[in-house]
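Here is the file work17.cif (mmCIF, C-alpha atoms).
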```cif
data_data
#
loop_
_atom_site.label_atom_id
_atom_site.label_comp_id
_atom_site.auth_asym_id
_atom_site.auth_seq_id
_atom_site.Cartn_x
_atom_site.Cartn_y
_atom_site.Cartn_z
CA MET A 947 40.86 160.12 97.40
CA GLY A 948 42.25 157.71 94.91
CA LYS A 949 40.48 156.69 91.82
CA ALA A 950 38.29 153.63 92.06
CA LYS A 951 39.66 150.65 90.24
CA LYS A 952 37.62 149.40 87.37
CA LEU A 953 36.46 145.83 87.49
CA LYS A 954 37.79 143.67 84.72
CA LEU A 955 35.03 141.71 83.14
CA SER A 956 35.84 138.82 80.98
CA LYS A 957 34.77 139.16 77.42
CA GLN A 958 32.17 136.44 77.26
CA GLY A 959 29.17 136.16 75.08
CA PRO A 960 25.99 137.88 76.19
CA LYS A 961 24.41 134.54 77.17
CA VAL A 962 26.91 133.95 80.07
CA SER A 963 25.48 134.90 83.45
CA LEU A 964 27.20 137.39 85.81
CA ASP A 965 27.98 134.84 88.52
CA LYS A 966 29.60 132.61 85.94
CA GLN A 967 31.78 135.49 84.71
CA ILE A 968 32.93 136.31 88.26
CA GLU A 969 33.75 132.65 88.92
CA ASP A 970 35.83 132.39 85.74
CA ASP A 971 37.85 135.52 86.60
CA LYS A 972 39.17 133.89 89.83
CA PHE A 973 41.31 131.36 87.93
CA ALA A 974 43.99 131.77 85.32
CA LYS A 975 43.03 130.46 81.97
CA PRO A 976 45.51 128.59 79.75
CA SER A 977 46.73 130.56 76.79
CA SER A 978 46.02 129.30 73.35
CA ARG A 979 49.64 130.10 72.33
CA SER A 980 51.96 127.08 72.61
CA LYS A 981 55.65 127.64 73.46
CA VAL A 982 58.27 125.45 71.84
CA ARG A 983 61.30 124.99 74.08
CA THR A 984 64.49 123.56 72.61
CA ARG A 985 67.15 122.02 74.84
CA LYS A 986 70.55 123.59 74.58
CA ASP A 987 72.29 120.25 74.45
CA GLU A 988 70.00 118.88 71.77
CA ASP A 989 72.53 119.40 68.99
CA GLU A 990 75.51 118.31 71.07
CA GLU A 991 77.02 114.85 70.81
CA TYR A 992 76.48 112.48 73.68
CA VAL A 993 79.38 110.60 75.30
CA ASP A 994 79.52 107.14 73.82
CA GLU A 995 79.11 104.00 75.86
CA HIS A 996 82.80 103.01 75.84
CA LEU A 997 83.99 106.42 77.07
CA SER A 998 81.29 106.56 79.72
CA LYS A 999 82.41 103.19 81.06
CA ARG A 1000 86.03 104.35 81.28
CA ILE A 1001 85.03 107.57 83.04
CA LEU A 1002 83.08 105.60 85.62
CA GLN A 1003 86.03 103.22 86.11
CA GLN A 1004 88.40 106.13 86.67
CA ALA A 1005 86.00 107.77 89.13
CA ARG A 1006 85.60 104.52 91.03
CA ARG A 1007 89.37 104.02 91.14
CA GLN A 1008 89.95 107.54 92.43
CA GLN A 1009 87.37 106.98 95.15
CA GLU A 1010 89.10 103.74 96.18
CA GLU A 1011 92.48 105.50 96.30
CA ILE A 1012 91.03 108.25 98.51
CA GLU A 1013 89.62 105.66 100.89
CA GLU A 1014 92.94 103.79 100.92
CA ASP A 1015 94.86 107.00 101.61
CA GLU A 1016 92.55 107.79 104.52
CA GLY A 1017 93.18 104.33 105.91
CA ILE A 1018 96.93 104.77 105.55
CA SER A 1019 96.97 108.14 107.32
CA ALA A 1020 94.95 106.71 110.18
CA SER A 1021 97.26 103.73 110.68
CA GLY A 1022 100.42 105.82 111.19
CA SER A 1023 103.81 106.23 109.56
CA LYS A 1024 104.98 102.67 110.19
CA ALA A 1025 102.07 101.24 108.27
CA ARG A 1026 102.72 103.79 105.54
CA VAL A 1027 106.27 102.51 104.95
CA THR A 1028 105.05 98.92 104.80
CA LYS A 1029 102.26 99.92 102.45
CA LEU A 1030 104.76 101.57 100.10
CA GLY A 1031 106.57 98.32 99.52
CA ASN A 1032 103.62 95.98 99.37
CA GLU A 1033 100.80 97.98 97.80
CA SER A 1034 100.59 98.25 94.04
CA GLU A 1035 99.54 101.16 91.92
CA ASP A 1036 97.44 100.82 88.86
CA SER A 1037 99.36 101.86 85.77
CA GLY A 1038 96.19 102.24 83.73
CA ASP A 1039 93.16 100.07 83.14
CA GLU A 1040 93.27 97.34 80.54
CA ALA A 1041 91.44 99.42 77.97
CA GLU A 1042 93.99 102.22 78.32
CA GLN A 1043 96.90 99.79 77.99
CA GLU A 1044 95.34 98.26 74.89
CA ASP A 1045 94.95 101.73 73.38
CA GLU A 1046 98.62 102.51 74.05
CA MET A 1047 99.82 99.20 72.67
CA ASP A 1048 97.79 99.61 69.48
CA GLY A 1049 99.92 100.78 66.59
CA ASP A 1050 102.42 99.71 64.02
CA TYR A 1051 104.43 96.59 64.54
CA TYR A 1052 106.97 95.25 62.11
CA GLU A 1053 106.07 92.22 60.04
CA ASP A 1054 107.97 88.94 60.17
CA ILE A 1055 111.39 89.58 58.66
CA GLU A 1056 113.03 87.14 56.30
CA VAL A 1057 116.76 87.76 56.20
CA ASP A 1058 118.66 86.73 53.09
CA GLU A 1059 121.61 84.53 54.08
CA GLU A 1060 123.82 85.99 51.33
CA ASP A 1061 123.17 89.53 52.54
CA GLU A 1062 123.90 88.44 56.09
CA ARG A 1063 127.22 86.90 55.08
CA ALA A 1064 128.12 90.03 53.11
CA LEU A 1065 127.34 92.11 56.16
CA GLU A 1066 129.50 89.96 58.42
CA MET A 1067 132.52 90.78 56.26
CA PHE A 1068 132.32 94.39 57.46
CA MET A 1069 131.74 93.65 61.13
CA ASN A 1070 134.29 94.37 63.80
CA ARG A 1071 136.38 91.24 64.37
CA ASN A 1072 137.51 92.29 67.85
CA PRO A 1073 134.48 93.98 69.41
CA ALA A 1074 134.71 95.56 72.83
CA PRO A 1075 132.90 93.57 75.51
CA ARG A 1076 129.35 94.69 76.10
CA ARG A 1077 128.83 96.52 79.39
CA THR A 1078 125.61 96.24 81.29
CA LEU A 1079 124.30 97.97 84.38
CA ALA A 1080 125.46 95.04 86.52
CA ASP A 1081 129.05 95.36 85.26
CA ILE A 1082 129.23 99.06 86.07
CA ILE A 1083 127.61 98.65 89.50
CA LEU A 1084 130.07 95.91 90.45
CA GLU A 1085 132.99 98.06 89.32
CA LYS A 1086 131.81 100.98 91.46
CA ILE A 1087 131.22 98.77 94.48
CA THR A 1088 134.72 97.36 94.11
CA GLU A 1089 136.16 100.87 93.89
CA LYS A 1090 134.37 101.88 97.05
CA GLN A 1091 135.49 98.81 98.95
CA THR A 1092 139.11 99.48 98.01
CA GLU A 1093 138.72 103.22 98.74
CA LEU A 1094 139.53 104.18 95.16
CA GLU A 1095 136.18 105.76 94.28
CA THR A 1096 136.19 108.95 92.23
CA GLN A 1097 134.22 112.09 92.94
CA PHE A 1098 131.67 112.53 90.16
CA SER A 1099 130.22 115.89 89.29
CA ASP A 1100 128.19 114.81 86.27
CA ALA A 1101 124.44 114.58 86.78
CA GLY A 1102 124.43 111.22 85.05
CA SER A 1103 127.24 109.74 87.13
CA LEU A 1104 126.67 106.83 89.43
CA GLN A 1105 126.13 107.42 93.14
CA ILE A 1106 127.09 104.48 95.36
CA GLN A 1107 126.02 104.42 98.98
CA ASP A 1108 125.25 101.82 101.62
CA LEU A 1109 121.69 100.60 101.34
CA ASP A 1110 119.45 100.16 104.35
CA PRO A 1111 118.66 96.42 104.69
CA ARG A 1112 114.95 97.18 104.83
CA ILE A 1113 115.12 99.12 101.55
CA LYS A 1114 117.11 96.36 99.92
CA GLN A 1115 114.59 93.78 101.09
CA MET A 1116 111.71 95.87 99.77
CA TYR A 1117 113.27 96.19 96.29
CA GLU A 1118 114.10 92.50 96.25
CA GLY A 1119 110.34 92.03 96.57
CA VAL A 1120 109.88 94.41 93.64
CA ARG A 1121 112.37 92.28 91.70
CA ASP A 1122 110.21 89.20 92.24
CA VAL A 1123 107.14 91.06 91.00
CA LEU A 1124 108.86 92.34 87.85
CA SER A 1125 110.22 88.89 87.00
CA LYS A 1126 106.62 87.64 86.68
CA TYR A 1127 104.81 90.80 85.56
CA ARG A 1128 102.42 90.52 82.62
CA SER A 1129 99.92 93.38 82.90
CA GLY A 1130 98.05 95.55 85.35
CA LYS A 1131 99.56 97.02 88.49
CA LEU A 1132 103.19 97.87 89.25
CA PRO A 1133 104.69 98.28 92.75
CA LYS A 1134 104.59 101.87 93.96
CA ALA A 1135 108.17 101.56 95.19
CA PHE A 1136 109.31 100.97 91.62
CA LYS A 1137 107.74 104.16 90.32
CA ILE A 1138 109.76 106.37 92.68
CA ILE A 1139 113.14 105.01 91.52
CA PRO A 1140 113.76 107.82 88.97
CA ASN A 1141 113.51 110.36 91.82
CA LEU A 1142 116.25 108.68 93.88
CA ARG A 1143 119.80 109.96 93.80
CA ASN A 1144 121.27 106.45 93.63
CA TRP A 1145 118.62 105.20 91.20
CA GLU A 1146 121.08 103.01 89.27
CA GLN A 1147 122.10 101.16 92.43
CA ILE A 1148 118.44 100.60 93.36
CA LEU A 1149 117.69 99.49 89.80
CA TYR A 1150 120.50 96.96 90.04
CA VAL A 1151 118.80 95.39 93.07
CA THR A 1152 115.66 94.79 90.96
CA ASP A 1153 117.81 92.79 88.45
CA PRO A 1154 116.65 94.20 85.06
CA ALA A 1155 118.02 91.16 83.22
CA LYS A 1156 115.19 89.05 84.71
CA TRP A 1157 112.35 91.47 84.01
CA THR A 1158 109.63 90.30 81.70
CA ALA A 1159 109.20 92.11 78.39
CA ALA A 1160 106.00 93.75 79.65
CA ALA A 1161 107.86 95.01 82.74
CA MET A 1162 110.61 96.43 80.53
CA TYR A 1163 107.99 98.34 78.53
CA GLN A 1164 106.43 99.81 81.68
CA ALA A 1165 109.89 100.66 83.07
CA THR A 1166 110.84 102.43 79.82
CA ARG A 1167 107.65 104.50 80.03
CA ILE A 1168 108.39 105.53 83.61
CA PHE A 1169 112.08 106.28 83.12
CA THR A 1170 111.59 108.12 79.82
CA SER A 1171 109.03 110.40 81.46
CA ASN A 1172 110.81 111.05 84.76
CA LEU A 1173 114.55 110.97 84.08
CA LYS A 1174 116.61 113.82 82.69
CA GLU A 1175 118.16 113.28 79.28
CA LYS A 1176 121.60 112.24 80.53
CA MET A 1177 120.16 109.72 82.97
CA ALA A 1178 117.65 108.41 80.41
CA GLN A 1179 120.60 107.94 78.06
CA ARG A 1180 122.29 105.71 80.64
CA PHE A 1181 119.11 103.69 81.13
CA PHE A 1182 118.76 103.12 77.38
CA ASN A 1183 122.43 102.18 77.04
CA LEU A 1184 122.85 99.96 80.11
CA VAL A 1185 119.41 98.34 80.40
CA LEU A 1186 117.31 98.63 77.23
CA LEU A 1187 119.99 98.08 74.56
CA PRO A 1188 121.41 94.81 75.98
CA ARG A 1189 117.90 93.45 76.54
CA VAL A 1190 116.76 94.23 72.98
CA ARG A 1191 119.88 92.69 71.43
CA ASP A 1192 119.64 89.56 73.57
CA ASP A 1193 115.97 89.11 72.68
CA ILE A 1194 116.63 89.38 68.94
CA ASP A 1195 119.61 87.06 69.20
CA GLU A 1196 117.67 84.40 71.09
CA TYR A 1197 114.28 84.47 69.35
CA LYS A 1198 115.31 85.84 65.92
CA ARG A 1199 112.67 88.54 66.34
CA LEU A 1200 111.77 91.23 68.86
CA ASN A 1201 109.07 90.87 71.49
CA PHE A 1202 106.10 93.17 70.92
CA HIS A 1203 106.48 94.84 74.35
CA LEU A 1204 110.17 95.54 73.70
CA TYR A 1205 109.29 97.00 70.30
CA GLN A 1206 106.82 99.33 72.01
CA ALA A 1207 109.50 100.17 74.58
CA LEU A 1208 111.74 101.42 71.76
CA ARG A 1209 108.91 103.58 70.48
CA LYS A 1210 108.47 105.05 73.96
CA ALA A 1211 112.22 105.68 74.21
CA LEU A 1212 111.97 107.91 71.11
CA PHE A 1213 110.03 110.41 73.22
CA LYS A 1214 113.52 111.48 74.33
CA PRO A 1215 115.18 111.41 70.88
CA GLY A 1216 118.52 112.85 72.02
CA ALA A 1217 118.91 110.23 74.75
CA PHE A 1218 117.80 107.48 72.34
CA MET A 1219 120.39 108.46 69.73
CA LYS A 1220 123.27 108.82 72.20
CA GLY A 1221 122.36 105.92 74.44
CA PHE A 1222 120.96 103.37 72.02
CA LEU A 1223 121.42 103.91 68.28
CA LEU A 1224 124.95 105.32 68.11
CA PRO A 1225 126.43 102.79 70.60
CA LEU A 1226 124.79 100.03 68.56
CA CYS A 1227 126.46 101.29 65.36
CA GLU A 1228 129.80 101.93 67.08
CA SER A 1229 129.93 98.39 68.44
CA GLY A 1230 130.60 97.09 64.93
CA THR A 1231 128.60 93.93 65.68
CA CYS A 1232 125.09 95.02 64.70
CA THR A 1233 123.54 92.23 62.64
CA LEU A 1234 121.30 92.63 59.62
CA ARG A 1235 118.27 91.46 61.59
CA GLU A 1236 118.92 93.93 64.41
CA ALA A 1237 119.38 96.80 61.96
CA ILE A 1238 116.13 96.04 60.11
CA ILE A 1239 114.03 95.69 63.25
CA ILE A 1240 115.41 98.76 65.02
CA GLY A 1241 115.36 100.68 61.74
CA SER A 1242 111.63 100.00 61.44
CA VAL A 1243 111.11 101.81 64.76
CA ILE A 1244 112.96 104.85 63.41
CA ALA A 1245 111.11 104.73 60.10
CA ARG A 1246 107.62 104.58 61.64
CA ASN A 1247 108.03 107.32 64.23
CA SER A 1248 108.54 111.05 63.95
CA ILE A 1249 111.98 112.33 65.02
CA PRO A 1250 112.99 116.02 65.12
CA ILE A 1251 115.30 117.06 62.30
CA LEU A 1252 118.00 118.28 64.70
CA HIS A 1253 118.49 114.85 66.29
CA SER A 1254 118.25 113.04 62.95
CA SER A 1255 120.84 115.34 61.38
CA ALA A 1256 123.24 114.74 64.27
CA ALA A 1257 122.73 110.97 63.95
CA ILE A 1258 123.45 111.06 60.21
CA LEU A 1259 126.64 113.05 60.84
CA LYS A 1260 127.89 110.57 63.44
CA ILE A 1261 126.98 107.42 61.49
CA ALA A 1262 128.51 108.76 58.25
CA GLU A 1263 131.83 109.43 60.04
CA MET A 1264 132.05 105.99 61.71
CA ASP A 1265 134.01 103.01 60.50
CA TYR A 1266 131.77 101.33 57.97
CA THR A 1267 129.51 98.40 58.77
CA GLY A 1268 126.56 97.18 56.72
CA ALA A 1269 124.15 98.29 59.43
CA ASN A 1270 125.28 101.89 58.90
CA SER A 1271 123.90 101.78 55.35
CA ILE A 1272 120.52 100.59 56.61
CA PHE A 1273 120.17 103.38 59.14
CA LEU A 1274 121.42 106.04 56.71
CA ARG A 1275 118.93 104.90 54.06
CA ILE A 1276 116.08 105.07 56.58
CA PHE A 1277 117.03 108.61 57.62
CA PHE A 1278 117.35 109.67 53.96
CA ASP A 1279 113.90 108.24 53.25
CA LYS A 1280 112.37 110.50 55.90
CA LYS A 1281 112.99 113.37 53.43
CA TYR A 1282 114.32 115.96 55.86
CA ALA A 1283 115.48 119.35 54.60
CA LEU A 1284 119.03 118.58 55.75
CA PRO A 1285 121.64 121.31 56.27
CA TYR A 1286 124.37 121.44 53.62
CA ARG A 1287 126.93 120.36 56.21
CA VAL A 1288 125.08 117.06 56.71
CA VAL A 1289 124.68 116.55 52.95
CA ASP A 1290 128.42 117.18 52.44
CA THR A 1291 129.30 114.67 55.16
CA ALA A 1292 127.07 112.05 53.50
CA VAL A 1293 128.79 112.67 50.14
CA PHE A 1294 132.24 112.23 51.69
CA HIS A 1295 130.98 109.04 53.37
CA PHE A 1296 130.30 107.48 49.97
CA LEU A 1297 133.45 108.89 48.32
CA ARG A 1298 135.59 107.11 50.93
CA PHE A 1299 134.88 103.84 49.09
CA GLU A 1300 136.28 104.96 45.73
CA ARG A 1301 139.51 103.00 46.24
CA ASP A 1302 138.03 100.28 48.43
CA ARG A 1303 138.67 96.96 46.71
CA ARG A 1304 136.17 95.01 48.81
CA GLU A 1305 132.86 94.02 47.24
CA LEU A 1306 130.38 96.31 48.93
CA PRO A 1307 127.00 94.87 49.95
CA VAL A 1308 123.81 95.72 48.09
CA LEU A 1309 122.77 97.76 51.13
CA TRP A 1310 125.54 100.28 50.39
CA HIS A 1311 124.33 100.76 46.81
CA GLN A 1312 120.71 101.09 47.98
CA SER A 1313 121.76 103.73 50.47
CA LEU A 1314 123.62 105.67 47.76
CA LEU A 1315 120.60 105.49 45.43
CA THR A 1316 118.24 106.76 48.14
CA PHE A 1317 120.62 109.63 48.97
CA VAL A 1318 120.90 110.68 45.32
CA GLN A 1319 117.13 110.49 44.78
CA ARG A 1320 116.35 112.65 47.82
CA TYR A 1321 119.24 115.14 47.83
CA LYS A 1322 120.55 115.39 44.27
CA SER A 1323 119.54 119.06 44.17
CA ASP A 1324 121.45 119.79 47.41
CA ILE A 1325 124.88 118.64 46.21
CA SER A 1326 127.37 120.81 44.35
CA THR A 1327 128.53 120.31 40.77
CA GLU A 1328 131.94 119.19 42.01
CA GLN A 1329 130.35 116.60 44.29
CA ARG A 1330 128.16 115.32 41.47
CA GLU A 1331 131.21 114.77 39.25
CA ALA A 1332 133.00 113.00 42.11
CA LEU A 1333 130.04 110.68 42.64
CA LEU A 1334 129.88 109.89 38.92
CA GLN A 1335 133.58 109.04 39.10
CA LEU A 1336 132.86 106.81 42.11
CA LEU A 1337 130.43 104.72 40.04
CA LYS A 1338 133.33 103.58 37.83
CA TYR A 1339 134.91 101.81 40.78
CA GLN A 1340 131.86 100.72 42.79
CA SER A 1341 129.02 99.47 40.66
CA HIS A 1342 125.99 97.22 40.84
CA PRO A 1343 124.37 95.80 37.69
CA THR A 1344 120.86 97.10 38.42
CA ILE A 1345 121.28 99.91 40.96
CA THR A 1346 124.25 101.82 39.51
CA PRO A 1347 122.48 102.76 36.21
CA GLU A 1348 119.69 104.33 38.28
CA VAL A 1349 122.20 106.28 40.38
CA ARG A 1350 123.98 107.53 37.24
CA ARG A 1351 120.69 108.62 35.64
CA GLU A 1352 119.69 110.55 38.77
CA LEU A 1353 123.05 112.32 38.94
CA GLN A 1354 123.10 113.22 35.26
CA HIS A 1355 119.68 114.89 35.55
CA ALA A 1356 120.47 116.59 38.87
CA LYS A 1357 120.15 120.37 39.16
CA CYS A 1358 122.91 121.17 41.65
CA ARG A 1359 122.70 123.81 44.34
CA ASP A 1360 125.55 125.96 43.00
CA VAL A 1361 123.97 126.01 39.52
CA GLU A 1362 120.76 127.38 41.01
CA GLY A 1363 122.77 130.04 42.87
CA MET A 1364 124.51 131.09 39.63
CA GLU A 1365 121.16 131.41 37.84
CA VAL A 1366 119.73 133.62 40.57
CA SER A 1367 122.81 135.90 40.60
CA SER A 1368 122.76 136.25 36.81
CA GLN A 1369 119.14 137.38 36.88
#
```

Re-express the file's structure as structure tokens.
Amino acid sequence: MGKAKKLKLSKQGPKVSLDKQIEDDKFAKPSSRSKVRTRKDEDEEYVDEHLSKRILQQARRQQEEIEEDEGISASGSKARVTKLGNESEDSGDEAEQEDEMDGDYYEDIEVDEEDERALEMFMNRNPAPRRTLADIILEKITEKQTELETQFSDAGSLQIQDLDPRIKQMYEGVRDVLSKYRSGKLPKAFKIIPNLRNWEQILYVTDPAKWTAAAMYQATRIFTSNLKEKMAQRFFNLVLLPRVRDDIDEYKRLNFHLYQALRKALFKPGAFMKGFLLPLCESGTCTLREAIIIGSVIARNSIPILHSSAAILKIAEMDYTGANSIFLRIFFDKKYALPYRVVDTAVFHFLRFERDRRELPVLWHQSLLTFVQRYKSDISTEQREALLQLLKYQSHPTITPEVRRELQHAKCRDVEGMEVSSQ
């Protein structure tokens, strides 16, 4: 037999009756010890009101898109094609667009008339005609009609093919939207253009010359993100560059949306340099105002040293225009650790003007001063002596003494090498 269990009697005072003790033992009694529970998220930061509102907006938008997609799939493929042309896709809520558009913007620029006249003396007197996307498309169409088209193997070459009338009609509708676009939604059909093989031909149908500045900014975002570098280079050269130059020429300043478009284009720095900056310098017609505005984009944004070094090499080897000095000075001011080959090319760029009898603009002297201040320790002793000799032929009353002082106190790269070897 098992042992009998002992009854547990509550420890009450002797005055408590037995029936009362038994009654009390039937119920659990609260403990006198109090537990303090701390919430795990007590020390964490809560989501602020603005972010919560945006999260809810995004969730609501996603739910609407899911419902729309379900409606499209139920209506069949024919309705889907129509929906593609007519329905618009949100390119970000207004708060998101405002966040993206926040940032640096150049101040109103006052151009000195004397500097502008001095710059015009070095401009190309017989510039090559500017080519736009429309010019190239028309040339290719003419070649095809006369059966003289060439087989292109380059990924960035233009593909011409007969367009379906329905597709052409749809993108003519997109053209009408982009000619009036201010903010908000963009047509879905426009967003798929970078994925098309004949994207340039389709883009021509939308008539980029009539896009609003806001539409050009959104287009630059889309094409910079989705096109390969060679194709993005063609977009910058054939669409963005002519539009920016025309806007500056007409309004004497650059629209804010176009300025932001240039900043977005720098996300593909190689394509920007080859498709926008270098063609602008090679044209020989870049004005002082254009150089200052576009230079401010370069100055205020980070660019990899590899692309900047290549740009300095190309600009230094070009036929001289005043705009070249502006861009070189801006690149020098970014204080890159340039390779010696780039530094040598910049030195030879300045030495070319030793026997030039023209009166060089102040911009040239400013560019030389900036170069000497930043890279005086990267030049050789021979180059330093050649630059000091240059100052005898090309001088400015206030800038040249500063250049001479910097050169005389320079510790050249070959001197440092000799000191290390002697130790």

Using all atoms listed in the file, which residues sit within 12 Å of Glu1352 (chain A) once same-chain residues fewer than 3 positions away are excluded, as JSON, numbers by chain? {"A": [1314, 1315, 1316, 1317, 1318, 1319, 1320, 1321, 1322, 1323, 1330, 1333, 1334, 1345, 1346, 1347, 1348, 1349, 1355, 1356, 1357, 1358]}

Exactly which residues make up the result of the PyMOL selection byres ((chain A and resi 1235-1249) around 8) on this file, given as a VMD selection string? chain A and resid 1050 1052 1055 1057 1191 1194 1198 to 1200 1205 1208 to 1209 1212 1215 1232 to 1234 1250 to 1251 1253 to 1254 1269 1272 to 1273 1276 to 1277 1280

Using only C-alpha atoms, please write the residues we just selected to a file, as a PDB file, in the coordinates of the input.
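Heads up, here's the output in part.pdb:
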```pdb
ATOM      1  CA  ASP A1050     102.420  99.710  64.020  1.00  0.00           C
ATOM      2  CA  TYR A1052     106.970  95.250  62.110  1.00  0.00           C
ATOM      3  CA  ILE A1055     111.390  89.580  58.660  1.00  0.00           C
ATOM      4  CA  VAL A1057     116.760  87.760  56.200  1.00  0.00           C
ATOM      5  CA  ARG A1191     119.880  92.690  71.430  1.00  0.00           C
ATOM      6  CA  ILE A1194     116.630  89.380  68.940  1.00  0.00           C
ATOM      7  CA  LYS A1198     115.310  85.840  65.920  1.00  0.00           C
ATOM      8  CA  ARG A1199     112.670  88.540  66.340  1.00  0.00           C
ATOM      9  CA  LEU A1200     111.770  91.230  68.860  1.00  0.00           C
ATOM     10  CA  TYR A1205     109.290  97.000  70.300  1.00  0.00           C
ATOM     11  CA  LEU A1208     111.740 101.420  71.760  1.00  0.00           C
ATOM     12  CA  ARG A1209     108.910 103.580  70.480  1.00  0.00           C
ATOM     13  CA  LEU A1212     111.970 107.910  71.110  1.00  0.00           C
ATOM     14  CA  PRO A1215     115.180 111.410  70.880  1.00  0.00           C
ATOM     15  CA  CYS A1232     125.090  95.020  64.700  1.00  0.00           C
ATOM     16  CA  THR A1233     123.540  92.230  62.640  1.00  0.00           C
ATOM     17  CA  LEU A1234     121.300  92.630  59.620  1.00  0.00           C
ATOM     18  CA  PRO A1250     112.990 116.020  65.120  1.00  0.00           C
ATOM     19  CA  ILE A1251     115.300 117.060  62.300  1.00  0.00           C
ATOM     20  CA  HIS A1253     118.490 114.850  66.290  1.00  0.00           C
ATOM     21  CA  SER A1254     118.250 113.040  62.950  1.00  0.00           C
ATOM     22  CA  ALA A1269     124.150  98.290  59.430  1.00  0.00           C
ATOM     23  CA  ILE A1272     120.520 100.590  56.610  1.00  0.00           C
ATOM     24  CA  PHE A1273     120.170 103.380  59.140  1.00  0.00           C
ATOM     25  CA  ILE A1276     116.080 105.070  56.580  1.00  0.00           C
ATOM     26  CA  PHE A1277     117.030 108.610  57.620  1.00  0.00           C
ATOM     27  CA  LYS A1280     112.370 110.500  55.900  1.00  0.00           C
TER      28      LYS A1280
END
```

Can you work out the spacing between CA of His1295 (chain A) and CA of Asn1183 (chain A) in Å, to one decimal? 26.1 Å

Can you pull out every residue within 8 Å of Leu1284 (chain A), counting only C-alpha atoms, but drop anything in the same chain fewer than 3 positions away, and send it as a CSV table (one decimal) with C-alpha atoms, in the frame of the given file?
```
chain,number,residue,atom,x,y,z
A,1251,ILE,CA,115.3,117.1,62.3
A,1255,SER,CA,120.8,115.3,61.4
A,1288,VAL,CA,125.1,117.1,56.7
A,1289,VAL,CA,124.7,116.6,53.0
```

I'd like the interatomic distance between CA of Thr1327 (chain A) and CA of Met1264 (chain A), to a tenth of an Å.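 Between these atoms lies a distance of 25.6 Å.
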
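Interatomic distance, CA of Ser1171 (chain A) against CA of Tyr1197 (chain A): 29.1 Å.
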
Ground truth for the PyMOL selection byres ((chain A and resi 1149) around 10), written as a PDB file with C-alpha atoms, in the frame of the given file:
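Saved result, expr14.pdb, follows:
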```pdb
ATOM      1  CA  LEU A1079     124.300  97.970  84.380  1.00  0.00           C
ATOM      2  CA  ALA A1080     125.460  95.040  86.520  1.00  0.00           C
ATOM      3  CA  ILE A1083     127.610  98.650  89.500  1.00  0.00           C
ATOM      4  CA  TYR A1117     113.270  96.190  96.290  1.00  0.00           C
ATOM      5  CA  ARG A1121     112.370  92.280  91.700  1.00  0.00           C
ATOM      6  CA  PHE A1136     109.310 100.970  91.620  1.00  0.00           C
ATOM      7  CA  ILE A1139     113.140 105.010  91.520  1.00  0.00           C
ATOM      8  CA  PRO A1140     113.760 107.820  88.970  1.00  0.00           C
ATOM      9  CA  ASN A1144     121.270 106.450  93.630  1.00  0.00           C
ATOM     10  CA  TRP A1145     118.620 105.200  91.200  1.00  0.00           C
ATOM     11  CA  GLU A1146     121.080 103.010  89.270  1.00  0.00           C
ATOM     12  CA  GLN A1147     122.100 101.160  92.430  1.00  0.00           C
ATOM     13  CA  ILE A1148     118.440 100.600  93.360  1.00  0.00           C
ATOM     14  CA  TYR A1150     120.500  96.960  90.040  1.00  0.00           C
ATOM     15  CA  VAL A1151     118.800  95.390  93.070  1.00  0.00           C
ATOM     16  CA  THR A1152     115.660  94.790  90.960  1.00  0.00           C
ATOM     17  CA  ASP A1153     117.810  92.790  88.450  1.00  0.00           C
ATOM     18  CA  PRO A1154     116.650  94.200  85.060  1.00  0.00           C
ATOM     19  CA  PHE A1181     119.110 103.690  81.130  1.00  0.00           C
ATOM     20  CA  VAL A1185     119.410  98.340  80.400  1.00  0.00           C
TER      21      VAL A1185
END
```

Please return, as number ranges by chain, all polymer residues that have at least one atom within 10 Å of the point (131.6, 100.9, 56.9); use all atoms listed in the file and the file's own coordinate frame. A: 1065, 1068-1070, 1227, 1230, 1261-1271, 1295-1296, 1298-1299, 1306, 1310

Given only C-alpha atoms as the counted atoms, nearest of A:Arg1275, A:Lys1260, A:His1311, A:Lys1131 to Leu1224 (chain A):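 Result for the nearest residue to Leu1224 (chain A): A:Lys1260.
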
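For the file at hand, the PyMOL selection byres ((chain A and resi 1305) around 10) resolves to Ala1064, Met1067, Asp1302, Arg1303, Arg1304, Leu1306, Pro1307, Val1308, Gln1340, Ser1341 and His1342 of chain A.
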
When you count only C-alpha atoms, which of these residues is closest to Glu1175 (chain A): A:Arg1000, A:Lys1156, A:Lys1220, A:Lys1126? A:Lys1220
